[in-house]
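S.K.: Structure provided below as C-alpha cells; questions to follow.
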Amino acid sequence: MTFSLNILSDLMQMLHYQFMVNAFEAGTIVSIIAGVTGYFVVLRRSAFTAHAFSEIGFAGAAAAVLLNVAPIAGLLGGSIMGGLAIAALGRRATNRDTQIGIVLAFSLGMGLLFISLYTGYATEAYSILFGEILGVSRGQVLLTLAASAVILGGIAFVYRPLLFSSLDEDVAEAKGIPMLFIGTVFMLLVAVAVSFAVQVTGVLLIFSLMVTPAATAQYVSRRPQTGIIISVAIALMATWVGLFVAFYTVYPVSFFITAIAFGLYLGVRLVRAAIKPKIVPAANL
Amino acid sequence: MNITVSKSRTVGVQSDLITAENLTAGYPRKTVWQNANFAFGRGEFVAVIGPNGAGKTTLFRLLLGLQQPISGSIKIFGSPPKRGNPQIGYVPQRHIVDSETNIESLELVRLGLSGKKWGFNPFVHRDREAAFAALESVGATELAHRPLGVLSGGELQRIFLAEALVSKPDILLLDEPLSNLDLRRETDMLHLVNDVVRTQGVTALLIAHNINPLLPHLDEVVYVANGKIATGKPSEVLTSESLTALYGVQVEVLRDPHGNVAIIGIEEHHGALA
C-alpha cells in the first residue's frame with residue numbers, strides 16, 4: 001500500500017479492501033450518532049457521565065469476552081445499566097461527579113479482573129480500550145446501522161423538550177415537561193451511542209467523537225440545528241481523514257481521529273479568540 | 001379564624017383570576033403558612049414580600065401546580081392549578097445561564113412557546129415570529145441573536161421575561177427578578193413589568209425583598225411572614241395597625257417623607273428608608 005499524490009487512486013486502492021469499506025461505513029454511522037448525541041452531552045455538561053458509561057461498558061465488555069459473548073452485548077448491557085442508574089438518581093445527577101467517579105473506578109477494576117481471568121489474548125482488552133475499527137465485521141456494521149436508527153429517531157422525538165430542559169431546567173419543569181422521562185430517554189440513547197462509538201475510538205478515546213466535535217460546534221454556531229450539523233461534520237471529517245491517513249501509515253486510527261478532532265477544536269478556539277469582537281454593554285440596558 | 005387584612009374585597013368573585021380560601025401550604029411535617037385568603041383580578045400588579053424562607057416561593061409553587069395545598073383551596077380561573085398550565089409564564093429565582101452557553105437568545109424564547117412539543121420541527125415560521133414579537137414587547141429585539149452566555153443580568157431578565165410572555169400567559173410569576181440588578185436596571189425592569197401588566201392585561205406576581213421601588217406601580221401586596229399572609233392594597237396592608245392585628249405582636253410601619261416604608265418588628269426589616 002503505497003501513497004501516491006493521486007488522492008482518487010489512493011481512495012480506490014484503500015476501498016478495494018473489504019475491512020476498509022466496513023471501517024468507513026461503521027465510522028460514518030458512529031460519527032453521525034456521536035456528533036448528534038454529543039451535542040446534547042456538551043450542552044448539558046454531561047461529558048463526565050458519558051465517559052462513565054463507556055467505562056461501565058468496559059466492565060460489561062470484559063465480562064462478555066470472558067463469557068465468550070460478543071463484546072458489544074456487554075458494552076450495551078453495562079452502559080444501559082449505568083444510564084438507568086444515573087437517570088434514577090434524578091435530574092441533577094449529571095452534576096454528581098463524586099458518585100459517578102466512584103462507580104467508574106469500581107467498573108474499571110471489575111473490567112481489569114475479568115480481563116485477567118480471561119485466558120485468551122490480551123488484544124481483546126486492548127481493542128476495547130483503544131478501539132478496533134479496522135476489525136469491524138459486516139454484521140457489526142449492520143447492527144450499528146440499526147442502533148443509529150433508534151438513536152436518531154429517539155433524539156428527533158425528544159428534540160424540543162430535551163433542548164428546552166437542557167437550557168432552562170426550572171421553566172421546562174414548570175411547563176409540565178416530564179423531566180425524569182426526558183432525562184432517562186436521553187441517558188439511554190447516550191449509553192447506546194457510547195457503546196457503538198467505542199468500536200471506533202475505544203473506551204478511553206470516546207471523547208474524541210462524543211465531546212470534541214460538539215464542543216467545537218458550540219463555539220462556531222449559536223443555533224442548535226446548525227451546531228448539530230457542524231458537530232456531525234467534524235466527527236465525520238476526523239473519522240474519514242483518520243482512516244485514510246492511518247491506512248497509509250503504521251500508526252493507529254484512533255490516534256489520528258483524536259488528533260484531528262483536537263486540532264480542529266484548537267484551531268476554532270484560536271481563530272475565535274483572534275476575531276472575537278469585544279462586547280460593549282448596551283447603554284440603555 | 002381567618003385573618004384577612006383586605007376586608008373590602010370579596011373573595012371568589014367570578015372576575016377574579018386567582019383566588020385562595022383558607023389556604024394552608026407547606027410540607028407534611030411543616031406548615032409554611034396558613035389560612036391565607038386572597039383574590040387577584042386581571043391586569044393587577046402584585047408584589048410578594050417577606051423575609052427569606054417565609055414561603056414566598058411556596059406560593060408560586062402552589063400556583064404552578066408543583067406543590068399541593070395542605071388544606072384550603074387555591075384556584076386559577078376557578079380551577080385548581082395544574083403543572084404545565086399555559087396560562088402562566090414563570091421566571092424562576094436565581095435563574096442563571098452558564099457563561100459558556102453559546103446559544104442565541106431567540107432560541108430560548110422560541111422554546112418558551114414550543115419547547116413542550118414532541119418531535120423535531122425547528123423551522124416553524126410562526127414560532128419565530130411569536131418569539132420576535134415577545135422580544136420586541138420587552139425591548140430586546142437587538143438581543144435576539146446574541147448568545148445567552150454573554151448577556152448581562154438585566155439583559156437576561158428581559159430574555160426570561162420574553163420567554164415567559166411568548167405563550168401569551170394571563171399570569172406572570174416573577175421570582176426575585178430584581179435581585180441581581182443595580183438601581184437603574186431595577187427601575188427599568190419594574191417599568192417594563194408595569195407596561196406588560198397595563199398593556200397586555202397580564203396579572204403579575206413579583207417576589208421582591210424591598211417593596212419601596214415597587215410602590216408606585218402596585219395594585220396589591222402580599223406580605224408573607226411568620227406563617228401568615230396579609231393581602232390587600234399597599235396602603236391598607238402596610239400599616240402598623242393591620243400588621244399588629246395580624247401578627248399579634250407590635251409591628252411598626254415607618255414612612256419617610258418620600259413615601260418609602262420600613263416594617264419593623266417581624267424578624268427583619270423589609271424595606272429601607274431613603
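Chain labels A, B, ... are given in the sequence in which chains occur in the C-alpha cells; within each chain residues are numbered consecutively from 1, and ligands are likewise numbered from 1 in the order shown.
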Pro177 in chain B: which residues within 8 Å, counting only C-alpha atoms, same-chain residues fewer than 4 positions away excluded, as a VMD selection string?
M.R.: chain B and resid 91 93 157 206 to 208
S.K.: Could you write out as a PyMOL selection string the residues of chain A within 9 Å of chain B, counting only C-alpha atoms?
M.R.: chain A and resi 43+155-165+167-168+170-177+218-225+279+281+284-285
S.K.: Just the residues within 8 Å of Ser31 in chain A, please, counting only C-alpha atoms, with nothing from its chain fewer than 4 positions along; format it as a count of residues only.
M.R.: 8
S.K.: Skip Phe3 in chain A itself and residues of its chain fewer than 5 positions away, then list as a ChimeraX atom specification all residues within 10 Å of it, counting only C-alpha atoms.
M.R.: /A:9-11,13-14,245,247-249
S.K.: To one decimal in Å, tell me the separation between CA of Leu75 in chain A and CA of Phe58 in chain A.
M.R.: 6.2 Å
S.K.: Mind checking which residues fall within 12 Å of Val21 in chain A, counting only C-alpha atoms, ignoring those fewer than 5 positions away in the same chain, and posting them as a PDB file with C-alpha atoms, in the first residue's frame?
M.R.:
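Output below, filename result_9.pdb:
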```pdb
ATOM      1  CA  LEU A  11      -9.059   6.043  -2.184  1.00  0.00           C
ATOM      2  CA  MET A  12      -9.791   3.384  -4.811  1.00  0.00           C
ATOM      3  CA  GLN A  13      -6.873   1.333  -3.577  1.00  0.00           C
ATOM      4  CA  MET A  14      -7.998   1.666   0.041  1.00  0.00           C
ATOM      5  CA  LEU A  15     -11.637   0.804  -0.614  1.00  0.00           C
ATOM      6  CA  HIS A  16     -10.513  -2.256  -2.517  1.00  0.00           C
ATOM      7  CA  ALA A  26     -19.090   1.912  10.673  1.00  0.00           C
ATOM      8  CA  GLY A  27     -17.029   5.070  11.175  1.00  0.00           C
ATOM      9  CA  THR A  28     -19.534   7.154   9.224  1.00  0.00           C
ATOM     10  CA  ILE A 133     -12.340  -0.008  13.766  1.00  0.00           C
ATOM     11  CA  LEU A 134     -10.301  -1.990  11.250  1.00  0.00           C
ATOM     12  CA  GLY A 135     -11.675  -5.204  12.694  1.00  0.00           C
ATOM     13  CA  VAL A 136     -15.382  -4.301  12.310  1.00  0.00           C
ATOM     14  CA  SER A 137     -17.355  -7.043  10.584  1.00  0.00           C
ATOM     15  CA  ARG A 138     -20.225  -6.761   8.099  1.00  0.00           C
ATOM     16  CA  VAL A 141     -21.878  -2.540  10.517  1.00  0.00           C
ATOM     17  CA  TRP A 240     -12.612   9.773   7.412  1.00  0.00           C
ATOM     18  CA  LEU A 243      -8.908   6.238   8.489  1.00  0.00           C
ATOM     19  CA  PHE A 244      -7.316   7.461   5.295  1.00  0.00           C
ATOM     20  CA  PHE A 247      -4.207   3.293   6.063  1.00  0.00           C
TER      21      PHE A 247
END
```
